[in-house]
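Here is the file model14.cif (mmCIF, C-alpha atoms and all ligand atoms).
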```cif
data_start
#
loop_
_atom_site.label_atom_id
_atom_site.label_comp_id
_atom_site.auth_asym_id
_atom_site.auth_seq_id
_atom_site.Cartn_x
_atom_site.Cartn_y
_atom_site.Cartn_z
CA MET A 277 75.90 99.80 117.03
CA LYS A 278 78.40 99.76 114.15
CA ILE A 279 81.88 98.93 115.45
CA THR A 280 85.22 98.65 113.67
CA LEU A 281 87.94 96.30 114.85
CA SER A 282 91.36 97.38 113.62
CA VAL A 283 94.51 95.43 114.25
CA ILE A 284 97.80 96.91 113.14
CA LYS A 285 101.05 95.11 113.87
CA ALA A 286 104.73 95.67 113.25
CA ASP A 287 108.17 94.39 114.14
CA ILE A 288 109.98 97.44 115.49
CA GLY A 289 112.84 95.71 117.25
CA SER A 290 113.56 92.76 119.46
CA ILE A 291 115.89 91.21 122.00
CA GLY A 292 118.52 88.65 121.05
CA GLY A 293 118.03 88.90 117.27
CA HIS A 294 114.41 88.31 116.26
CA ILE A 295 113.10 86.60 119.42
CA CYS A 296 110.65 89.02 121.06
CA PRO A 297 110.17 92.71 121.92
CA SER A 298 111.38 94.08 125.27
CA GLN A 299 109.00 94.94 128.11
CA GLN A 300 110.11 98.56 127.87
CA LEU A 301 109.27 98.65 124.17
CA LEU A 302 105.80 97.24 124.79
CA GLN A 303 105.26 99.76 127.56
CA ARG A 304 106.29 102.64 125.32
CA VAL A 305 103.86 101.61 122.58
CA GLY A 306 101.09 101.08 125.15
CA ASN A 307 101.74 104.42 126.85
CA HIS A 308 101.62 106.22 123.54
CA ILE A 309 98.19 104.78 122.78
CA GLU A 310 96.88 105.52 126.27
CA GLN A 311 98.19 109.09 126.35
CA THR A 312 97.27 110.20 122.84
CA ALA A 313 94.17 108.20 121.78
CA GLY A 314 91.69 110.41 123.69
CA ASP A 315 88.19 109.47 122.56
CA LEU A 316 89.32 108.40 119.09
CA ILE A 317 89.08 104.74 120.10
CA ILE A 318 86.72 102.92 122.45
CA ASP A 319 89.12 100.27 123.67
CA HIS A 320 92.42 98.61 122.79
CA CYS A 321 94.60 95.64 123.62
CA LEU A 322 98.32 95.18 123.04
CA ASN A 323 100.16 91.89 122.71
CA PHE A 324 103.11 90.29 120.96
CA THR A 325 103.77 87.17 118.94
CA GLY A 326 107.43 86.43 118.25
CA ASP A 327 109.05 89.77 117.45
CA ASP A 328 105.81 91.48 116.38
CA ILE A 329 103.72 93.89 118.43
CA ALA A 330 100.01 94.03 117.61
CA ILE A 331 97.67 96.87 118.55
CA LEU A 332 94.03 95.83 118.51
CA MET A 333 91.63 98.80 118.61
CA THR A 334 87.84 99.17 118.67
CA HIS A 335 86.21 102.35 117.33
CA THR A 336 83.40 103.68 115.15
CA HIS A 337 85.34 105.26 112.26
CA GLY A 338 85.33 102.39 109.74
CA PRO A 339 88.28 100.58 108.11
CA GLY A 340 91.22 102.52 106.67
CA HIS A 341 90.57 105.60 108.82
CA ASP A 342 93.60 107.91 108.69
CA GLU A 343 93.57 108.96 112.37
CA ILE A 344 93.33 105.37 113.58
CA HIS A 345 96.19 104.33 111.31
CA LYS A 346 98.23 107.36 112.37
CA LEU A 347 97.69 106.53 116.04
CA ALA A 348 99.24 103.08 115.49
CA TRP A 349 102.00 104.44 113.22
CA ASP A 350 102.97 107.08 115.78
CA ALA A 351 102.92 104.49 118.58
CA PHE A 352 105.32 102.35 116.54
CA LEU A 353 107.51 105.41 115.85
CA ALA A 354 107.64 106.16 119.59
CA GLY A 355 108.44 102.50 120.24
CA THR A 356 111.24 102.63 117.67
CA GLU A 357 112.89 105.39 119.73
CA THR A 358 112.88 103.08 122.74
CA ALA A 359 114.13 100.19 120.60
CA ARG A 360 117.06 102.37 119.49
CA GLU A 361 117.77 103.51 123.06
CA GLN A 362 117.86 99.89 124.20
CA GLY A 363 119.92 98.71 121.23
CA LEU A 364 117.23 96.25 120.17
CA TYR A 365 117.87 94.39 116.95
CA GLY A 366 116.00 95.58 113.85
CA ALA A 367 114.74 98.81 115.48
CA GLY A 368 111.97 100.23 113.30
CA GLN A 369 112.36 97.31 110.87
CA ASP A 370 108.79 97.27 109.52
CA LEU A 371 108.36 101.05 109.20
CA LEU A 372 109.40 101.18 105.58
CA LYS A 373 108.37 104.73 104.71
CA GLU A 374 109.73 108.03 106.03
CA SER A 375 106.47 109.83 106.58
CA PHE A 376 102.88 108.77 107.21
CA SER A 377 100.58 109.14 104.22
CA GLY A 378 97.05 108.55 105.45
CA ASN A 379 97.03 104.73 105.72
CA VAL A 380 99.63 102.24 106.97
CA LYS A 381 98.78 99.82 104.12
CA GLY A 382 101.84 99.54 101.90
CA MET A 383 104.03 101.19 104.55
CA GLY A 384 105.20 98.01 106.28
CA PRO A 385 102.85 97.21 109.18
CA ALA A 386 100.25 94.46 108.65
CA VAL A 387 96.60 95.48 108.92
CA ALA A 388 93.31 93.63 109.30
CA GLU A 389 90.03 95.47 109.86
CA LEU A 390 86.40 94.42 110.27
CA GLU A 391 83.36 96.68 110.47
CA PHE A 392 79.99 95.28 111.56
CA GLU A 393 76.78 95.89 113.43
CA GLU A 394 77.62 94.51 116.85
CA ARG A 395 75.55 91.47 117.84
CA PRO A 396 74.02 91.38 121.36
CA ASN A 397 77.00 89.22 122.20
CA GLU A 398 80.00 89.45 119.93
CA PRO A 399 82.65 86.74 120.23
CA PHE A 400 85.70 87.05 117.96
CA LEU A 401 89.24 85.75 117.59
CA PHE A 402 92.42 87.64 116.86
CA PHE A 403 95.22 85.62 115.27
CA ALA A 404 98.83 86.75 114.88
CA ALA A 405 101.58 84.71 113.23
CA ASP A 406 105.33 85.24 113.22
CA LYS A 407 108.08 83.98 110.89
CA THR A 408 105.67 83.22 108.08
CA ASP A 409 103.52 85.02 105.51
CA PRO A 410 99.80 85.68 104.83
CA GLY A 411 99.28 82.44 102.89
CA ALA A 412 99.72 80.59 106.21
CA TYR A 413 96.01 81.16 106.96
CA ASN A 414 94.78 79.76 103.62
CA LEU A 415 94.44 76.16 104.73
CA PRO A 416 92.93 76.76 108.19
CA ILE A 417 90.36 79.20 106.77
CA TYR A 418 89.48 76.93 103.86
CA LEU A 419 88.92 74.00 106.22
CA ALA A 420 86.94 76.05 108.75
CA PHE A 421 84.61 77.74 106.23
CA ALA A 422 84.31 75.23 103.40
CA ASP A 423 84.95 71.68 104.59
CA PRO A 424 82.25 69.78 106.51
CA MET A 425 84.92 67.25 107.56
CA ASN A 426 86.31 70.04 109.77
CA THR A 427 83.19 72.11 110.34
CA PRO A 428 80.03 70.13 111.11
CA GLY A 429 78.22 73.48 111.30
CA LEU A 430 78.17 73.48 107.49
CA ILE A 431 75.66 70.60 107.63
CA LEU A 432 74.14 71.15 111.08
CA ALA A 433 73.70 74.91 111.56
CA PRO A 434 70.80 76.58 109.69
CA GLY A 435 72.69 79.90 109.66
CA MET A 436 75.49 78.41 107.57
CA SER A 437 73.45 76.44 105.04
CA ARG A 438 74.22 78.68 102.05
CA GLY A 439 77.98 78.61 102.58
CA PHE A 440 80.50 81.43 102.35
CA ARG A 441 81.95 83.91 99.88
CA PHE A 442 85.76 84.03 99.74
CA VAL A 443 87.66 87.08 98.52
CA VAL A 444 91.13 85.97 97.39
CA MET A 445 93.94 88.33 96.47
CA ASP A 446 96.67 87.77 93.90
CA VAL A 447 99.54 89.21 95.98
CA SER A 448 102.04 88.91 93.14
CA HIS A 449 100.16 91.75 91.42
CA THR A 450 101.74 94.72 93.17
CA GLU A 451 100.39 97.66 91.12
CA GLU A 452 96.93 97.45 92.69
CA ASP A 453 94.76 95.01 94.67
CA ARG A 454 93.78 92.22 92.26
CA ILE A 455 91.04 90.07 93.73
CA ILE A 456 88.60 87.31 92.84
CA GLU A 457 85.37 86.32 94.62
CA LEU A 458 84.41 82.67 94.88
CA ASN A 459 81.37 81.08 96.50
CA THR A 460 81.47 77.80 98.36
CA PRO A 461 80.26 75.11 98.05
CA GLU A 462 79.81 75.54 94.27
CA ASP A 463 83.25 77.06 93.55
CA LEU A 464 85.09 74.75 95.93
CA TYR A 465 87.45 73.23 93.36
CA ASP A 466 88.30 76.65 91.89
CA LEU A 467 89.04 77.95 95.37
CA ALA A 468 91.26 74.95 96.08
CA ALA A 469 93.08 75.48 92.78
CA LEU A 470 94.05 78.98 93.91
CA LEU A 471 94.76 78.26 97.56
CA ARG A 472 97.22 75.50 96.72
CA ASP A 473 99.66 78.35 95.98
CA PRO A 474 99.73 80.30 99.25
CA GLU A 475 102.65 82.49 98.16
CA ARG A 476 100.53 83.99 95.39
CA TYR A 477 96.86 83.64 96.31
CA VAL A 478 95.86 84.75 99.79
CA ILE A 479 92.44 84.86 101.44
CA GLU A 480 91.63 88.50 102.21
CA SER A 481 88.12 88.12 103.62
CA VAL A 482 85.26 85.66 104.05
CA TRP A 483 81.56 86.58 104.11
CA SER A 484 78.44 84.69 105.17
CA ARG A 485 76.10 84.04 102.23
CA ASP A 486 73.19 83.66 104.65
CA SER A 487 73.50 87.01 106.43
CA GLY A 488 75.84 88.87 104.05
CA GLU A 489 78.04 89.65 107.06
CA GLN A 490 81.80 89.60 107.09
CA ALA A 491 83.39 86.83 109.15
CA VAL A 492 87.11 87.15 108.35
CA ALA A 493 89.56 89.93 107.60
CA ALA A 494 93.21 88.98 107.06
CA SER A 495 96.29 91.01 106.25
CA THR A 496 97.67 90.42 102.77
CA SER A 497 100.79 92.57 102.50
CA ARG A 498 103.99 91.03 101.15
CA LEU A 499 106.86 93.16 102.43
CA HIS A 500 109.25 92.12 99.71
CA ASN A 501 106.69 93.30 97.18
CA ILE A 502 106.65 96.72 98.89
CA ALA A 503 110.35 97.16 99.52
CA GLY A 504 111.67 95.19 96.52
CA LYS A 505 114.23 93.53 98.78
CA TYR A 506 114.49 91.39 101.91
CA THR A 507 112.73 93.03 104.84
CA GLY A 508 111.65 90.02 106.88
CA LYS A 509 108.62 87.81 106.51
CA ASP A 510 105.16 89.35 106.62
CA ASP A 511 103.90 87.85 109.83
CA PRO A 512 100.15 88.14 109.11
CA VAL A 513 97.28 89.05 111.44
CA MET A 514 93.66 88.00 111.11
CA LEU A 515 90.31 88.76 112.76
CA VAL A 516 87.56 86.12 112.77
CA ARG A 517 84.00 86.56 114.08
CA VAL A 518 82.63 83.29 115.43
CA GLN A 519 79.43 81.42 116.43
CA LYS A 520 75.82 81.43 115.15
CA SER A 521 75.98 82.12 111.39
CA PHE A 522 79.78 81.80 111.51
CA PRO A 523 81.79 78.68 112.41
CA ALA A 524 82.14 78.02 116.15
CA THR A 525 85.43 78.92 117.86
CA GLY A 526 86.34 75.23 118.02
CA GLU A 527 85.75 74.82 114.27
CA ILE A 528 88.05 77.78 113.57
CA LEU A 529 90.77 76.47 115.92
CA ALA A 530 90.66 72.80 114.86
CA PRO A 531 92.75 73.11 111.65
CA TYR A 532 95.73 74.41 113.67
CA ALA A 533 96.10 70.89 115.06
CA ILE A 534 97.56 69.89 111.66
CA GLY A 535 100.73 71.95 112.09
CA HIS A 536 100.80 72.37 108.31
CA PHE A 537 103.99 73.39 106.53
CA VAL A 538 104.21 77.10 105.73
CA ALA A 539 106.80 79.39 104.19
CA GLY A 540 109.08 81.01 106.73
CA GLY A 541 111.36 80.07 109.60
CA MET A 542 115.04 80.89 109.35
CA ARG A 543 115.74 83.82 107.00
CA GLY A 544 112.14 83.63 105.82
CA SER A 545 113.32 81.00 103.36
CA HIS A 546 112.17 77.58 104.54
CA GLN A 547 109.19 75.27 104.75
CA MET A 548 108.40 74.74 108.43
CA PRO A 549 105.33 73.54 110.32
CA LEU A 550 103.12 76.19 111.93
CA MET A 551 103.04 75.85 115.74
CA PRO A 552 100.05 77.18 117.73
CA VAL A 553 101.50 79.00 120.77
CA GLY A 554 100.35 81.00 123.77
CA LEU A 555 99.93 84.78 123.72
CA ASP A 556 103.08 86.80 124.22
CA SER A 557 105.51 84.02 123.34
CA GLY A 558 108.74 84.51 121.44
CA ILE A 559 110.45 82.25 118.95
CA SER A 560 113.52 80.07 119.29
CA TYR A 561 114.34 76.97 117.22
CA PHE A 562 115.79 77.83 113.80
CA ASP A 563 114.40 81.38 114.21
CA GLY A 564 111.03 79.73 114.53
CA PRO A 565 109.31 77.48 114.10
CA PRO A 566 106.66 79.70 112.52
CA VAL A 567 104.13 80.38 115.25
CA VAL A 568 100.50 81.45 115.47
CA SER A 569 98.76 82.84 118.55
CA CYS A 570 95.05 83.38 119.11
CA ALA A 571 93.38 85.79 121.52
CA ALA A 572 89.65 85.22 122.09
CA PHE A 573 87.44 88.15 123.08
CA ALA A 574 83.88 89.10 123.84
CA MET A 575 82.81 92.67 123.24
CA HIS A 576 79.96 94.98 124.19
CA LYS A 577 79.53 98.42 122.61
CA GLY A 578 83.16 98.22 121.55
CA ARG A 579 84.44 97.46 125.06
CA LEU A 580 86.64 94.39 125.13
CA THR A 581 86.82 91.72 127.79
CA GLU A 582 90.24 90.46 128.78
CA ALA A 583 91.93 88.38 126.07
CA VAL A 584 91.66 84.64 126.59
CA ASP A 585 94.56 82.60 125.27
CA ALA A 586 92.93 80.08 122.90
CA PHE A 587 96.07 77.92 122.50
CA ALA A 588 96.92 77.74 126.22
CA HIS A 589 94.67 74.73 126.80
CA PRO A 590 96.59 71.48 127.60
CA PHE A 591 95.30 69.92 124.35
CA TRP A 592 97.71 72.07 122.40
CA ASN A 593 100.78 70.83 124.32
CA ARG A 594 100.53 67.53 122.51
CA ILE A 595 100.13 69.35 119.18
CA ARG A 596 103.19 71.48 119.94
CA ASP A 597 105.20 68.31 120.62
CA ARG A 598 104.11 66.88 117.25
CA VAL A 599 104.90 70.12 115.43
CA ALA A 600 108.35 70.21 117.07
CA ASP A 601 108.97 66.67 115.77
CA LYS A 602 107.87 67.69 112.26
CA ALA A 603 110.12 70.75 112.41
CA VAL A 604 113.20 68.73 113.42
CA GLU A 605 112.42 66.09 110.80
CA MET A 606 112.26 68.71 108.03
CA ARG A 607 115.44 70.38 109.27
CA ARG A 608 117.30 67.08 108.88
CA GLN A 609 117.30 67.68 105.14
CA GLY A 610 118.88 71.11 105.50
CA PHE A 611 118.88 73.16 102.31
CA VAL A 612 117.77 70.37 99.98
CA GLY A 613 114.54 70.21 97.99
CA ALA A 614 111.31 70.76 99.91
CA ALA A 615 113.10 72.07 103.04
CA MET A 616 114.02 75.40 101.44
CA LEU A 617 111.66 77.66 99.48
CA PRO A 618 111.94 77.95 95.67
CA MET A 619 114.25 80.66 94.26
CA SER A 620 111.42 83.16 93.74
CA GLU A 621 110.54 83.10 97.43
CA LEU A 622 113.99 83.26 99.01
CA GLU A 623 114.20 86.33 101.19
CA TYR A 624 117.95 86.80 100.73
CA THR A 625 119.60 87.62 97.41
CA GLY A 626 123.09 86.25 98.23
CA ILE A 627 122.35 83.01 96.42
CA MET A 628 121.56 84.82 93.14
CA GLU A 629 124.99 86.42 93.18
CA LYS A 630 126.60 83.05 93.93
CA LEU A 631 124.80 81.34 91.05
CA ASP A 632 125.58 84.21 88.62
CA ALA A 633 129.27 84.04 89.55
CA LEU A 634 129.28 80.30 88.83
CA GLN A 635 127.77 80.58 85.33
CA PRO A 636 131.04 81.36 83.47
CA ARG A 637 132.62 78.28 85.02
CA PHE A 638 130.13 75.94 83.35
CA THR A 639 131.42 74.10 80.27
CA VAL A 640 129.68 71.87 77.74
CA HIS A 641 130.78 68.23 77.16
CA GLU A 642 132.44 67.77 73.75
C1 LIG B 701 113.01 85.55 109.62
C2 LIG B 701 113.92 86.37 110.39
C3 LIG B 701 115.22 85.80 110.81
C4 LIG B 701 116.38 86.51 110.12
C5 LIG B 701 117.72 85.90 110.55
C6 LIG B 701 118.90 86.66 110.00
O1 LIG B 701 111.86 86.26 109.30
O2 LIG B 701 113.63 87.50 110.68
O3 LIG B 701 115.30 84.43 110.57
O4 LIG B 701 116.24 86.42 108.73
O5 LIG B 701 117.85 85.91 111.95
O6 LIG B 701 118.73 88.02 110.27
P1 LIG B 701 119.75 89.14 109.76
O7 LIG B 701 119.86 89.02 108.28
O8 LIG B 701 119.11 90.39 110.25
O9 LIG B 701 121.04 88.81 110.47
MG MG B 702 111.79 90.35 112.68
MG MG B 703 108.15 89.00 112.95
#
```

Starting from the file, lay out its structure as structure tokens.
Ligand code: F6R
Ligand code: MG
Ligand code: MG
Amino acid sequence: MKITLSVIKADIGSIGGHICPSQQLLQRVGNHIEQTAGDLIIDHCLNFTGDDIAILMTHTHGPGHDEIHKLAWDAFLAGTETAREQGLYGAGQDLLKESFSGNVKGMGPAVAELEFEERPNEPFLFFAADKTDPGAYNLPIYLAFADPMNTPGLILAPGMSRGFRFVVMDVSHTEEDRIIELNTPEDLYDLAALLRDPERYVIESVWSRDSGEQAVAASTSRLHNIAGKYTGKDDPVMLVRVQKSFPATGEILAPYAIGHFVAGGMRGSHQMPLMPVGLDSGISYFDGPPVVSCAAFAMHKGRLTEAVDAFAHPFWNRIRDRVADKAVEMRRQGFVGAAMLPMSELEYTGIMEKLDALQPRFTVHE
């Protein structure tokens, strides 16, 4: 049976600045889906990560389907009403366009969609990150799908022997989707050369070269490229099918033990380590640190099991402690050098005005 997984997420308002959505807001979004979806979808699941609400839906209509996208858009619009009524901060923040035009891509919300012939048992993972941008997944995906040091399946599992095909998007090209396809292992160095710049080159999807099936779909939107001004970080979502001809769940999760530095944190303008956190957790320190959650599911004919919290295991407590130490260490150097993003990536324009105003005051030594 061909099933589509669609996850659409948006920040439509939160409590206490950008910490997390209110219970009432979540309920409103959930009620909208339950009351209006009818038989358009098979199943759905709602959760939040930081200030972002994600709607995961299963259905049979394929990716980019207008009614599915409209269902999520309308749920976020309804939620925005509640956010306004409650005086939540940033109500409707990610809904950048006035009216719906067939697909939420380019309208603010982040989208990741996967369509596949359902396996007899279909395990998959749903990742959501807050206070960072789509490039945050580059390193974990590279390690999980291309590096045998992380993924022994690349040398042990017959179903992975031919490697994977990576589709990478140049997100600085805003006129249309500019992509490149690279095959690992043979294109490994070329892939690395692109992925070293996660603000520009972002993994969009990964495909098995053995079965031809899609393993990964990740959101690639850069809000500042859509809006042309600061609108918050892009807080990416990602779907990953696991096991058999795909890496095992543990191989996909392992790279998050690094707590690698990503763009984001306070004012979307810093380098901060990515902390794996439980489902439905907010943010705190320095409007961060950037966080990533992971919900694990099984599925049968599009019906979802309950979500299992992949980062709730005690192992990750130790990792969180280490990431907190890294975050504090980086913050000790404030605005200087590596702690803050380069000019091109700063989410606020105030500094440009400051620097422009200073130019006439420069003089040249005689
Ligand atoms: C980062 C983020 C926050 C805000 C910060 C200031 O993605 O959303 O760090 O940038 O709290 O917010 P404003 O400018 O709304 O006061
Ligand atoms: Mg926000
Ligand atoms: Mg957010």

message: For a test of reading the model, state the distance in Å between CA of Ala600 in chain A and CA of Phe562 in chain A, rounded to one decimal.
response: 11.1 Å

- request: Check every protein, DNA and RNA residue against ligand MG 703 (chain B), keep those with an atom at most 6 Å away (counting all atoms listed in the file), and present them as an MDAnalysis selection string.
  value: chainID A and resid 287 326:328 406:407 511

Surrounding residues of range 385-387 of chain A excluding itself and chain neighbours under 5 positions, 7 Å, all atoms listed in the file, as a short mmCIF file (atom, residue, chain, number, x, y, z; two decimals) with C-alpha atoms, in the frame of the given file:
```cif
data_model
loop_
_atom_site.label_atom_id
_atom_site.label_comp_id
_atom_site.auth_asym_id
_atom_site.auth_seq_id
_atom_site.Cartn_x
_atom_site.Cartn_y
_atom_site.Cartn_z
CA VAL A 283 94.51 95.43 114.25
CA ILE A 284 97.80 96.91 113.14
CA LYS A 285 101.05 95.11 113.87
CA ALA A 286 104.73 95.67 113.25
CA ASP A 370 108.79 97.27 109.52
CA LEU A 371 108.36 101.05 109.20
CA VAL A 380 99.63 102.24 106.97
CA SER A 495 96.29 91.01 106.25
CA SER A 497 100.79 92.57 102.50
CA PRO A 512 100.15 88.14 109.11
CA VAL A 513 97.28 89.05 111.44
#
```

- request: Please identify the residues whose atoms come within 10 Å of ligand LIG 701 (chain B), using only C-alpha atoms and all ligand atoms, and report them as JSON, numbers by chain.
  value: {"A": [287, 292, 293, 294, 295, 326, 327, 365, 366, 369, 406, 407, 408, 409, 506, 507, 508, 509, 510, 511, 539, 540, 541, 542, 543, 544, 545, 546, 559, 560, 562, 563, 564, 565, 566, 623, 624]}

message: Neighbouring residues of range 341-344 of chain A were defined as those with any atom within 10 Å, considering only C-alpha atoms; residues of the same chain fewer than 6 positions away were excluded. Please report them as a VMD selection string.
response: chain A and resid 282 284 313 316 to 317 333 to 335 376 to 380

- prompt: What is the distance between CA of Ile318 in chain A and CA of Arg579 in chain A, in Å to one decimal?
  reply: 6.5 Å

field: Residues within 10 Å of Thr358 in chain A, all atoms listed in the file, excluding chain neighbours under 5 positions, as an NGL selection string
entry: :A and (288-289 or 298 or 300-305 or 352-353 or 363-364 or 367-368)

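Of the listed residues A:Thr625, A:Ser290, A:Asn459, A:Ser481, the one whose atoms come nearest to ligand MG 702 (chain B) is A:Ser290, with distances taken using all atoms listed in the file.
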
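Pairwise distance (CA of Cys296 in chain A, CA of Ile329 in chain A) equals 8.9 Å.
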
Emit as JSON the padded axis-aligned box for all listed atoms of range 576-587 of chain A, 3 Å per side, with centre and edge lengths in Å to one decimal.
```
{"center_x": 87.8, "center_y": 88.2, "center_z": 125.2, "size_x": 22.5, "size_y": 26.5, "size_z": 13.2}
```

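Proximity to ligand MG 702 (chain B) was assessed for A:Pro410, A:Pro618, A:Pro399, A:Gly558 counting all atoms listed in the file; the smallest distance is recorded for A:Gly558.
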
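The smallest atom-to-atom distance between Leu580 in chain A and any of A:Asp556, A:Glu642, A:Glu393, A:Asp319, using only C-alpha atoms, is found for A:Asp319.
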
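Proximity to Phe537 in chain A at 10 Å, evaluated using all atoms listed in the file and with sequence-adjacent residues fewer than 2 positions away removed, yields Ala412, Ile534, Gly535, Ala539, Gly540, His546, Gln547, Met548, Pro549, Leu550, Met551, Pro566, Val599, Lys602, Ala603, Met606 and Ala615 of chain A.
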
Once you have the residues from the selection above, write them out as a PDB file, in the coordinates of the input, restricted to C-alpha atoms.
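Dumped everything to selection34.pdb:
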```pdb
ATOM      1  CA  ALA A 412      99.720  80.590 106.210  1.00  0.00           C
ATOM      2  CA  ILE A 534      97.560  69.890 111.660  1.00  0.00           C
ATOM      3  CA  GLY A 535     100.730  71.950 112.090  1.00  0.00           C
ATOM      4  CA  ALA A 539     106.800  79.390 104.190  1.00  0.00           C
ATOM      5  CA  GLY A 540     109.080  81.010 106.730  1.00  0.00           C
ATOM      6  CA  HIS A 546     112.170  77.580 104.540  1.00  0.00           C
ATOM      7  CA  GLN A 547     109.190  75.270 104.750  1.00  0.00           C
ATOM      8  CA  MET A 548     108.400  74.740 108.430  1.00  0.00           C
ATOM      9  CA  PRO A 549     105.330  73.540 110.320  1.00  0.00           C
ATOM     10  CA  LEU A 550     103.120  76.190 111.930  1.00  0.00           C
ATOM     11  CA  MET A 551     103.040  75.850 115.740  1.00  0.00           C
ATOM     12  CA  PRO A 566     106.660  79.700 112.520  1.00  0.00           C
ATOM     13  CA  VAL A 599     104.900  70.120 115.430  1.00  0.00           C
ATOM     14  CA  LYS A 602     107.870  67.690 112.260  1.00  0.00           C
ATOM     15  CA  ALA A 603     110.120  70.750 112.410  1.00  0.00           C
ATOM     16  CA  MET A 606     112.260  68.710 108.030  1.00  0.00           C
ATOM     17  CA  ALA A 615     113.100  72.070 103.040  1.00  0.00           C
TER      18      ALA A 615
END
```

message: Calculated over only C-alpha atoms and all ligand atoms, which of the candidates A:Ala433, A:Met628, A:Gly384, A:Glu389 has the smallest distance to ligand MG 702 (chain B)?
response: A:Gly384

Residue with smallest distance to Arg485 in chain A - pool A:Arg441, A:Thr525, A:His449, A:Asp466, counting only C-alpha atoms: A:Arg441

message: My list of candidates is A:Ala530, A:Ala405, A:Ile417, A:Ile595. Which is closest to ligand MG 702 (chain B) when distances are computed with only C-alpha atoms and all ligand atoms?
response: A:Ala405
